[in-house]
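Data file: target-v8.tsv. Format and content: TSV, C-alpha atoms.
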```tsv
chain	number	residue	atom	x	y	z
W	3	MET	CA	-33.03	209.90	154.92
W	4	GLU	CA	-34.84	206.85	153.46
W	5	LYS	CA	-37.61	206.32	150.94
W	6	ALA	CA	-40.53	208.56	151.89
W	7	HIS	CA	-43.94	206.96	152.51
W	8	ALA	CA	-42.35	203.73	153.80
W	9	SER	CA	-44.03	202.30	156.91
W	10	VAL	CA	-41.98	202.62	160.08
W	11	MET	CA	-42.48	201.16	163.55
W	12	MET	CA	-41.18	203.88	165.88
W	13	ALA	CA	-40.04	202.53	169.28
W	14	MET	CA	-41.17	205.15	171.80
W	15	SER	CA	-40.14	205.13	175.45
W	16	GLY	CA	-42.02	208.29	176.37
W	17	GLY	CA	-38.76	210.26	176.43
W	18	VAL	CA	-37.76	213.26	174.36
W	19	ASP	CA	-35.36	211.38	172.05
W	20	SER	CA	-37.83	208.88	170.62
W	21	SER	CA	-40.52	211.57	170.49
W	22	VAL	CA	-38.39	213.84	168.30
W	23	ALA	CA	-37.36	210.85	166.19
W	24	ALA	CA	-41.06	210.21	165.50
W	25	LEU	CA	-41.51	213.89	164.64
W	26	LEU	CA	-38.66	213.83	162.12
W	27	LEU	CA	-40.02	210.71	160.44
W	28	THR	CA	-43.54	212.09	160.07
W	29	GLU	CA	-42.20	215.39	158.70
W	30	ALA	CA	-40.14	213.43	156.16
W	31	GLY	CA	-43.26	211.70	154.87
W	32	PHE	CA	-42.98	208.27	156.49
W	33	ARG	CA	-46.04	206.36	157.66
W	34	VAL	CA	-45.26	206.08	161.36
W	35	THR	CA	-46.75	203.76	163.95
W	36	GLY	CA	-45.61	204.48	167.50
W	37	VAL	CA	-45.07	201.51	169.80
W	38	THR	CA	-44.13	201.38	173.48
W	39	MET	CA	-42.80	198.24	175.12
W	40	LYS	CA	-44.12	197.40	178.57
W	41	LEU	CA	-41.14	195.60	180.07
W	42	PHE	CA	-41.82	195.31	183.80
W	43	GLY	CA	-44.20	196.42	186.49
W	44	ALA	CA	-44.14	197.53	190.10
W	45	ASP	CA	-43.59	193.93	191.20
W	46	VAL	CA	-39.98	194.12	189.96
W	47	LEU	CA	-39.10	197.23	191.98
W	48	GLU	CA	-38.49	197.75	195.66
W	49	PRO	CA	-41.62	199.23	197.31
W	50	ASP	CA	-41.66	203.04	197.06
W	51	CYS	CA	-38.86	202.93	194.47
W	52	ASP	CA	-39.60	204.90	191.30
W	53	SER	CA	-38.13	204.03	187.91
W	54	SER	CA	-37.83	206.48	185.04
W	55	CYS	CA	-38.79	203.69	182.65
W	56	CYS	CA	-41.87	201.61	181.97
W	57	SER	CA	-44.28	203.61	184.12
W	58	LEU	CA	-47.84	204.41	183.10
W	59	ASP	CA	-46.69	208.03	182.73
W	60	ASP	CA	-44.12	206.94	180.14
W	61	VAL	CA	-46.77	205.16	178.10
W	62	GLU	CA	-49.05	208.20	178.30
W	63	ASP	CA	-46.21	210.55	177.28
W	64	ALA	CA	-45.56	208.43	174.19
W	65	ARG	CA	-49.28	208.25	173.40
W	66	ALA	CA	-49.65	212.04	173.80
W	67	VAL	CA	-46.85	212.67	171.28
W	68	CYS	CA	-48.46	210.28	168.82
W	69	ARG	CA	-51.80	212.05	169.19
W	70	ARG	CA	-50.07	215.37	168.55
W	71	LEU	CA	-48.41	213.94	165.42
W	72	GLY	CA	-51.60	212.26	164.24
W	73	VAL	CA	-50.12	208.74	164.17
W	74	PRO	CA	-51.35	205.51	165.79
W	75	HIS	CA	-49.83	204.20	168.99
W	76	HIS	CA	-49.71	200.67	170.43
W	77	THR	CA	-48.32	199.16	173.63
W	78	PHE	CA	-46.64	195.74	173.48
W	79	ASN	CA	-46.32	193.65	176.63
W	80	PHE	CA	-42.85	192.13	176.54
W	81	GLY	CA	-42.62	191.56	180.29
W	82	ASP	CA	-41.95	187.82	180.13
W	83	LEU	CA	-39.21	188.21	177.52
W	84	PHE	CA	-37.61	191.09	179.44
W	85	GLY	CA	-37.65	189.02	182.63
W	86	GLU	CA	-35.87	186.14	180.93
W	87	ALA	CA	-33.54	187.86	178.46
W	88	VAL	CA	-32.54	190.88	180.56
W	89	ILE	CA	-33.31	190.55	184.28
W	90	GLY	CA	-32.58	186.83	184.38
W	91	ARG	CA	-29.29	187.17	182.50
W	92	PHE	CA	-28.33	190.11	184.72
W	93	CYS	CA	-28.86	188.10	187.90
W	94	ASP	CA	-27.18	184.98	186.52
W	95	ALA	CA	-24.09	186.95	185.49
W	96	TYR	CA	-23.64	188.61	188.87
W	97	LEU	CA	-24.18	185.31	190.68
W	98	ALA	CA	-21.48	183.78	188.47
W	99	GLY	CA	-19.03	186.55	189.33
W	100	THR	CA	-19.15	188.58	186.10
W	101	THR	CA	-20.39	192.12	185.43
W	102	PRO	CA	-23.18	192.23	182.82
W	103	ASN	CA	-24.46	195.13	180.75
W	104	PRO	CA	-28.27	194.77	180.77
W	105	CYS	CA	-28.71	197.75	178.44
W	106	ILE	CA	-26.94	195.80	175.70
W	107	ASP	CA	-29.16	192.77	176.33
W	108	CYS	CA	-32.28	194.97	176.28
W	109	ASN	CA	-31.30	196.50	172.96
W	110	ARG	CA	-30.33	193.14	171.52
W	111	PHE	CA	-33.24	190.97	172.58
W	112	LEU	CA	-36.07	193.50	172.98
W	113	LYS	CA	-35.58	196.71	171.00
W	114	PHE	CA	-34.22	194.93	167.97
W	115	GLU	CA	-34.91	191.19	167.82
W	116	ALA	CA	-38.40	191.33	169.35
W	117	LEU	CA	-39.46	194.52	167.57
W	118	GLN	CA	-38.09	193.28	164.25
W	119	ARG	CA	-40.13	190.10	164.64
W	120	ARG	CA	-43.25	192.17	165.37
W	121	ARG	CA	-42.44	194.46	162.41
W	122	ARG	CA	-42.34	191.46	160.07
W	123	GLU	CA	-45.61	190.13	161.50
W	124	LEU	CA	-47.29	193.49	160.85
W	125	GLY	CA	-45.82	193.87	157.37
W	126	LEU	CA	-44.00	197.14	158.11
W	127	ASP	CA	-40.80	198.25	156.37
W	128	ALA	CA	-38.50	199.34	159.19
W	129	VAL	CA	-38.00	199.84	162.92
W	130	ALA	CA	-36.76	203.23	164.13
W	131	THR	CA	-35.36	204.14	167.55
W	132	GLY	CA	-34.18	207.27	169.32
W	133	HIS	CA	-30.60	206.03	169.65
W	134	TYR	CA	-27.79	208.41	168.81
W	135	ALA	CA	-26.11	206.39	166.08
W	136	ARG	CA	-25.99	206.27	162.29
W	137	ARG	CA	-26.00	203.63	159.59
W	138	ALA	CA	-24.78	203.53	156.01
W	139	PHE	CA	-24.42	201.02	153.19
W	140	ASP	CA	-20.89	200.25	152.01
W	141	GLU	CA	-21.03	199.65	148.26
W	142	THR	CA	-17.51	198.19	148.29
W	143	THR	CA	-18.20	195.41	150.79
W	144	GLY	CA	-21.94	195.11	150.15
W	145	ARG	CA	-22.55	195.36	153.91
W	146	TRP	CA	-24.52	197.70	156.13
W	147	GLN	CA	-22.41	199.73	158.53
W	148	LEU	CA	-23.12	201.03	162.02
W	149	LEU	CA	-21.46	204.38	162.69
W	150	ARG	CA	-20.97	206.65	165.66
W	151	ALA	CA	-23.38	209.54	166.11
W	152	ARG	CA	-22.27	213.01	165.05
W	153	ASP	CA	-22.59	214.07	168.70
W	154	ALA	CA	-19.68	212.24	170.36
W	155	ALA	CA	-21.02	213.05	173.81
W	156	LYS	CA	-24.28	211.20	173.11
W	157	ASP	CA	-23.02	208.40	170.83
W	158	GLN	CA	-24.69	205.07	171.68
W	159	SER	CA	-23.06	202.82	169.10
W	160	TYR	CA	-21.30	200.89	171.90
W	161	VAL	CA	-24.57	199.30	173.04
W	162	LEU	CA	-25.60	198.47	169.45
W	163	TYR	CA	-22.60	196.41	168.32
W	164	HIS	CA	-24.73	193.24	168.24
W	165	LEU	CA	-26.86	194.47	165.28
W	166	THR	CA	-26.98	192.03	162.40
W	167	GLN	CA	-26.99	192.81	158.70
W	168	ASP	CA	-30.68	191.94	158.49
W	169	SER	CA	-31.55	194.25	161.39
W	170	LEU	CA	-29.49	197.12	159.99
W	171	ALA	CA	-31.19	196.71	156.62
W	172	HIS	CA	-34.51	197.45	158.34
W	173	MET	CA	-33.36	200.05	160.89
W	174	MET	CA	-33.54	203.84	161.09
W	175	PHE	CA	-31.77	206.20	163.50
W	176	PRO	CA	-33.32	209.64	162.89
W	177	LEU	CA	-31.23	211.37	165.60
W	178	GLY	CA	-27.81	210.29	164.34
W	179	ASP	CA	-26.90	213.73	163.00
W	180	LEU	CA	-28.36	215.79	165.88
W	181	THR	CA	-27.11	216.92	169.28
W	182	LYS	CA	-29.13	216.61	172.46
W	183	PRO	CA	-29.70	220.40	172.74
W	184	GLU	CA	-31.02	220.39	169.16
W	185	VAL	CA	-33.38	217.53	170.02
W	186	ARG	CA	-34.75	219.33	173.08
W	187	ALA	CA	-35.17	222.53	171.06
W	188	LEU	CA	-37.25	220.67	168.47
W	189	ALA	CA	-39.40	219.16	171.22
W	190	ARG	CA	-40.02	222.58	172.76
W	191	ALA	CA	-40.81	224.13	169.39
W	192	HIS	CA	-43.49	221.51	168.77
W	193	GLY	CA	-45.01	221.74	172.24
W	194	PHE	CA	-44.04	218.27	173.47
W	195	GLY	CA	-44.76	217.92	177.17
W	196	ASN	CA	-41.67	215.77	177.65
W	197	ALA	CA	-39.24	218.33	176.15
W	198	GLU	CA	-37.42	218.75	179.48
W	199	LYS	CA	-37.89	215.18	180.71
W	200	ALA	CA	-34.83	213.92	182.59
W	201	GLU	CA	-32.81	211.01	181.27
W	202	SER	CA	-32.39	207.77	183.16
W	203	GLN	CA	-28.85	207.40	184.51
W	204	ASP	CA	-29.21	203.97	186.12
W	205	ILE	CA	-30.35	200.53	185.08
W	206	CYS	CA	-34.10	200.97	184.63
W	207	PHE	CA	-35.14	198.05	186.85
W	208	VAL	CA	-32.58	199.00	189.56
W	209	PRO	CA	-33.12	202.77	189.74
W	210	ASP	CA	-31.43	203.08	193.15
W	211	GLY	CA	-28.25	201.46	191.80
W	212	ASP	CA	-28.14	198.77	194.52
W	213	TYR	CA	-27.61	195.73	192.30
W	214	ALA	CA	-26.81	193.36	195.15
W	215	ALA	CA	-30.02	194.20	196.99
W	216	PHE	CA	-32.06	193.73	193.81
W	217	ILE	CA	-30.53	190.31	193.12
W	218	ALA	CA	-30.95	189.34	196.78
W	219	ARG	CA	-34.68	190.03	196.52
W	220	ARG	CA	-34.91	188.04	193.26
W	221	CYS	CA	-33.09	185.09	194.87
W	222	GLY	CA	-35.01	185.22	198.11
W	223	VAL	CA	-32.00	186.30	200.16
W	224	ALA	CA	-32.91	188.47	203.13
W	225	ALA	CA	-30.93	190.24	205.82
W	226	ASN	CA	-31.53	189.28	209.44
W	227	ASP	CA	-29.54	191.18	212.09
W	228	GLY	CA	-26.74	191.72	209.60
W	229	THR	CA	-26.58	188.06	208.55
W	230	ALA	CA	-27.76	186.99	205.13
W	231	ARG	CA	-30.19	184.12	204.98
W	232	VAL	CA	-32.29	182.41	202.33
W	233	ASN	CA	-36.03	182.55	201.92
W	234	THR	CA	-36.32	179.03	200.50
W	235	ALA	CA	-39.77	179.69	199.10
W	236	ARG	CA	-38.31	182.22	196.67
W	237	VAL	CA	-35.05	180.63	195.53
W	238	GLY	CA	-35.67	179.93	191.83
W	239	GLU	CA	-34.08	177.81	189.16
W	240	ARG	CA	-31.70	180.60	188.10
W	241	ALA	CA	-30.27	181.02	191.58
W	242	ARG	CA	-29.86	177.26	191.94
W	243	ALA	CA	-28.13	176.96	188.59
W	244	ALA	CA	-25.78	179.83	189.38
W	245	GLU	CA	-24.75	178.15	192.61
W	246	GLY	CA	-23.84	175.01	190.67
W	247	ALA	CA	-25.64	172.79	193.18
W	248	SER	CA	-28.67	170.58	193.19
W	249	ALA	CA	-32.07	172.12	193.85
W	250	ALA	CA	-32.31	170.43	197.21
W	251	SER	CA	-28.95	171.58	198.53
W	252	SER	CA	-29.32	175.07	197.07
W	253	ALA	CA	-32.57	175.72	198.86
W	254	ALA	CA	-30.81	175.22	202.17
W	255	ALA	CA	-27.63	177.17	201.38
W	256	LEU	CA	-26.79	180.80	200.79
W	257	PRO	CA	-25.94	181.50	197.12
W	258	ALA	CA	-22.16	181.49	196.73
W	259	ALA	CA	-22.02	185.07	195.49
W	260	PHE	CA	-23.38	186.30	198.84
W	261	GLN	CA	-20.94	184.33	201.01
W	262	PRO	CA	-18.04	186.21	202.65
W	263	GLY	CA	-14.52	185.24	201.64
W	264	GLU	CA	-10.92	186.35	201.40
W	265	ILE	CA	-9.57	189.54	199.86
W	266	VAL	CA	-6.16	188.80	198.35
W	267	ASP	CA	-3.53	190.69	196.39
W	268	ARG	CA	-2.16	189.61	193.00
W	269	ALA	CA	0.37	187.35	194.75
W	270	GLY	CA	-2.35	185.59	196.75
W	271	ARG	CA	-1.58	187.19	200.11
W	272	VAL	CA	-4.68	187.56	202.27
W	273	LEU	CA	-5.47	191.20	203.05
W	274	GLY	CA	-8.90	190.96	204.58
W	275	ARG	CA	-12.45	189.66	204.18
W	276	HIS	CA	-15.10	190.61	201.62
W	277	ARG	CA	-18.87	190.71	202.18
W	278	GLY	CA	-19.73	188.52	199.19
W	279	LEU	CA	-18.47	188.88	195.62
W	280	ILE	CA	-21.85	190.18	194.46
W	281	HIS	CA	-21.10	193.48	196.22
W	282	TYR	CA	-18.05	194.28	194.04
W	283	THR	CA	-17.21	195.01	190.42
W	284	VAL	CA	-13.91	194.88	188.56
W	285	GLY	CA	-12.28	198.31	188.61
W	286	GLN	CA	-14.02	199.36	191.83
W	287	ARG	CA	-11.92	201.51	194.19
W	288	LYS	CA	-14.18	202.69	197.00
W	289	GLY	CA	-15.78	200.41	199.57
W	290	ILE	CA	-13.30	197.52	199.36
W	291	GLY	CA	-12.65	197.68	203.09
W	292	VAL	CA	-8.88	197.15	203.17
W	293	ALA	CA	-6.45	199.75	204.50
W	294	ALA	CA	-3.36	200.18	202.30
W	295	PRO	CA	-0.61	202.77	201.68
W	296	GLU	CA	-2.13	203.56	198.27
W	297	PRO	CA	-5.62	203.04	196.81
W	298	LEU	CA	-6.60	199.49	195.91
W	299	TYR	CA	-8.81	198.47	193.01
W	300	VAL	CA	-10.71	195.28	192.32
W	301	PHE	CA	-8.70	193.33	189.74
W	302	ALA	CA	-10.79	190.16	189.52
W	303	LYS	CA	-13.51	188.15	191.20
W	304	ASP	CA	-12.44	184.51	191.59
W	305	ALA	CA	-15.85	182.87	191.93
W	306	ALA	CA	-14.43	179.33	192.14
W	307	ALA	CA	-12.33	180.20	195.21
W	308	ASN	CA	-14.68	182.94	196.47
W	309	ARG	CA	-11.77	185.37	196.49
W	310	LEU	CA	-11.70	189.07	195.69
W	311	VAL	CA	-8.39	189.93	193.99
W	312	VAL	CA	-7.21	193.52	194.42
W	313	GLY	CA	-4.18	195.59	193.45
W	314	THR	CA	-2.83	199.09	193.10
W	315	ALA	CA	-3.53	201.19	190.02
W	316	ALA	CA	-0.31	199.94	188.41
W	317	GLU	CA	-1.04	196.30	189.31
W	318	VAL	CA	-4.50	196.17	187.74
W	319	GLN	CA	-3.34	197.17	184.26
W	320	VAL	CA	-3.76	194.65	181.44
W	321	ARG	CA	-2.50	194.52	177.87
W	322	GLU	CA	-5.17	192.33	176.31
W	323	VAL	CA	-8.67	190.88	176.65
W	324	THR	CA	-10.46	187.94	175.06
W	325	ALA	CA	-14.05	188.34	173.85
W	326	ARG	CA	-16.63	185.75	172.84
W	327	ASP	CA	-20.27	185.84	171.72
W	328	VAL	CA	-18.84	187.85	168.85
W	329	ASN	CA	-20.80	189.89	166.31
W	330	LEU	CA	-19.02	191.51	163.38
W	331	ILE	CA	-20.72	194.25	161.33
W	332	ALA	CA	-18.22	195.90	159.00
W	333	VAL	CA	-16.72	192.58	157.89
W	334	GLU	CA	-17.80	188.97	157.86
W	335	ARG	CA	-14.55	187.82	159.46
W	336	ILE	CA	-11.28	189.40	160.59
W	337	GLU	CA	-8.81	187.55	158.41
W	338	ALA	CA	-5.60	189.11	159.78
W	339	PRO	CA	-4.57	191.24	162.78
W	340	ARG	CA	-6.17	194.65	162.33
W	341	ALA	CA	-5.53	198.05	163.89
W	342	VAL	CA	-8.65	199.42	165.60
W	343	THR	CA	-9.73	201.58	168.49
W	344	ALA	CA	-11.53	199.79	171.29
W	345	LYS	CA	-13.90	200.51	174.17
W	346	THR	CA	-14.40	198.11	177.07
W	347	HIS	CA	-17.07	200.15	178.80
W	348	TYR	CA	-19.66	202.65	177.65
W	349	ARG	CA	-18.13	205.93	178.85
W	350	GLN	CA	-14.56	205.07	177.91
W	351	ARG	CA	-12.64	207.03	175.31
W	352	PRO	CA	-11.67	204.62	172.50
W	353	VAL	CA	-8.04	203.52	172.75
W	354	ALA	CA	-5.67	202.16	170.11
W	355	ALA	CA	-5.51	198.38	169.87
W	356	THR	CA	-4.99	195.45	167.52
W	357	VAL	CA	-7.68	192.80	167.10
W	358	GLU	CA	-7.18	189.25	165.90
W	359	GLN	CA	-9.91	186.67	165.33
W	360	THR	CA	-8.67	183.55	167.09
W	361	GLY	CA	-11.73	181.37	166.50
W	362	ASP	CA	-15.17	181.34	164.93
W	363	ASP	CA	-16.50	183.01	168.08
W	364	GLU	CA	-13.44	184.53	169.71
W	365	LEU	CA	-11.46	187.78	169.43
W	366	ARG	CA	-8.15	188.73	171.03
W	367	VAL	CA	-7.77	192.47	171.59
W	368	VAL	CA	-4.27	193.75	172.42
W	369	PHE	CA	-4.02	197.37	173.57
W	370	ASP	CA	-1.18	199.61	172.46
W	371	GLU	CA	-0.90	200.86	176.06
W	372	PRO	CA	-1.87	198.99	179.26
W	373	GLN	CA	-5.45	199.61	180.35
W	374	ARG	CA	-7.33	199.27	183.63
W	375	ALA	CA	-8.59	195.69	183.87
W	376	ALA	CA	-11.88	195.23	182.04
W	377	ALA	CA	-14.73	193.42	183.74
W	378	PRO	CA	-15.69	189.99	182.38
W	379	GLY	CA	-19.26	190.25	181.15
W	380	GLN	CA	-18.81	193.75	179.72
W	381	ALA	CA	-18.50	194.36	175.98
W	382	ALA	CA	-15.36	195.05	173.97
W	383	VAL	CA	-16.46	197.12	170.97
W	384	LEU	CA	-14.09	197.82	168.07
W	385	TYR	CA	-14.02	200.83	165.74
W	386	ASP	CA	-12.35	201.86	162.51
W	387	GLY	CA	-12.78	205.62	162.64
W	388	ASP	CA	-16.54	206.14	163.03
W	389	VAL	CA	-17.39	202.65	161.78
W	390	VAL	CA	-18.20	199.88	164.27
W	391	VAL	CA	-16.19	196.83	163.22
W	392	GLY	CA	-17.95	194.63	165.76
W	393	GLY	CA	-17.54	193.41	169.31
W	394	GLY	CA	-18.04	190.66	171.83
W	395	THR	CA	-18.41	189.86	175.52
W	396	ILE	CA	-15.21	190.02	177.56
W	397	CYS	CA	-14.44	186.66	179.12
```
As structure tokens, the full file:
Amino acid sequence: MEKAHASVMMAMSGGVDSSVAALLLTEAGFRVTGVTMKLFGADVLEPDCDSSCCSLDDVEDARAVCRRLGVPHHTFNFGDLFGEAVIGRFCDAYLAGTTPNPCIDCNRFLKFEALQRRRRELGLDAVATGHYARRAFDETTGRWQLLRARDAAKDQSYVLYHLTQDSLAHMMFPLGDLTKPEVRALARAHGFGNAEKAESQDICFVPDGDYAAFIARRCGVAANDGTARVNTARVGERARAAEGASAASSAAALPAAFQPGEIVDRAGRVLGRHRGLIHYTVGQRKGIGVAAPEPLYVFAKDAAANRLVVGTAAEVQVREVTARDVNLIAVERIEAPRAVTAKTHYRQRPVAATVEQTGDDELRVVFDEPQRAAAPGQAAVLYDGDVVVGGGTIC
């Protein structure tokens, strides 16, 4: 692995993955300090709604593993940063008509940037996480590489494409060569109480999956006899900014993303009415509310015109996407068009494509075969075999 006896800050969520990662590090001779980030409290969730993340039980599960391993444990309160860098960005993106990936933002701004800052403050050597990914140093290029996990079914490299060279130089991924069944078996063998703990399948702060309702609560939008209205006492700066209006006018108006509008086809023909763009995502098939001879999919959300653009499966295919907010790992810059495989959402199988860097912060990705339209706000992540070339936010 790495140099034994180095000091490692182990990010521990209370789940089985980070617990086994801590076990492997201690057995390899590293000086481990377990840390758990407190990201949000009950005030963020709908009453009587349980999240599988950030509960007091999670903190205690992490602390119990540390006690069993004989290593110290600390809890860091990053609630304010999480609210701004993850929840705030999530709400802003949906209000602007795009589809964000808050797990990428959480990894980027909390699990790596914030923990790396705290690591430096404490004088520790590295940060480790329970992600299924690997890293390696390329002697030829002199750059750190991010690689897929050995277990393709659990690989999480897609949500880590933002990692910088400095972060990778001080990162460890102890689970990169293991499968999930192997991880659970190790947890059981060492008597960890969380060995069979279920994984979270939804966004941690929206455990019921109702994104629109969550954002409505954050913006102060309430339902009254089926009609949306605004609680002016709760409309914040983010909602006002997303509406593109002054504070005074925004307080009296419903945020644009919640306003009904037209459903149109690719040619602009009106097919029906939508309930508010915030209720839809690009690629969605069910729940559009328009009868048609064949299934319709959401192709785009035109926030400026408040129109939902739909089409058949054949009509929503695209050959290319543009990405910005680019981070490259394997290379400093893409100097010429390069063959890669690409993913535009987490669960997608990588598909053949060509990438070209068209600006300091812009990539053009052209697929070999047409693909279902990718949602603006999601990430396009590029691979060369197992190596992550880099990625960016689809715009």
Exercise. Give as a list in words each residue that has an atom at most 10 Å from (-30.5, 194.4, 194.7) in the file, counting only C-alpha atoms.
Key: Leu47, Glu48, Cys93, Phe207, Val208, Asp210, Gly211, Asp212, Tyr213, Ala214, Ala215, Phe216, Ile217, Ala218, Arg219, Arg220, Cys221, Val223, Ile280 and His281 of chain W
Self-check item: Who sits within 12 Å of stretch 354-368 of chain W, only C-alpha atoms, same chain under 4 positions skipped, as a PyMOL selection string
Solution: chain W and resi 320-330+333-346+372-373+376+381-387+391-397
Quiz item: What's the 8 Å shell around W:Leu177, counting only C-alpha atoms, without same-chain residues fewer than 5 positions away, as a PyMOL selection string?
Solution: chain W and resi 19+23+132-135+185
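Comparing W:Arg277, W:Ala138, W:Ala307, W:Gly313 by their smallest distance to W:Pro295, the closest is W:Gly313 (using all atoms listed in the file).
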Practice problem: Kindly provide, as number ranges by chain, the polymer residues lying within 6 Å of (-42.7, 199.0, 172.5), counting all atoms listed in the file and using the coordinates exactly as they appear in the file. | Solution: W: 13, 37-39, 77-78
Exercise. For each of W:Gln147, W:Ser15, W:Thr131, W:Gln319, take the minimum atom-to-atom distance to W:Asp59, counting only C-alpha atoms, then give the residue where this is smallest.
Key: W:Ser15
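Interatomic distance, atom CA of W:Ala316 against atom CA of W:Gly99: 23.0 Å.
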Practice problem: May I have the residues within 12 Å of W:Lys113 as a ChimeraX atom specification, using all atoms listed in the file and disregarding those fewer than 5 positions away in the same chain? | Solution: /W:11-15,37-41,78,80,83-84,87-88,105-108,118-121,129-133,161-162,164-165,169,173
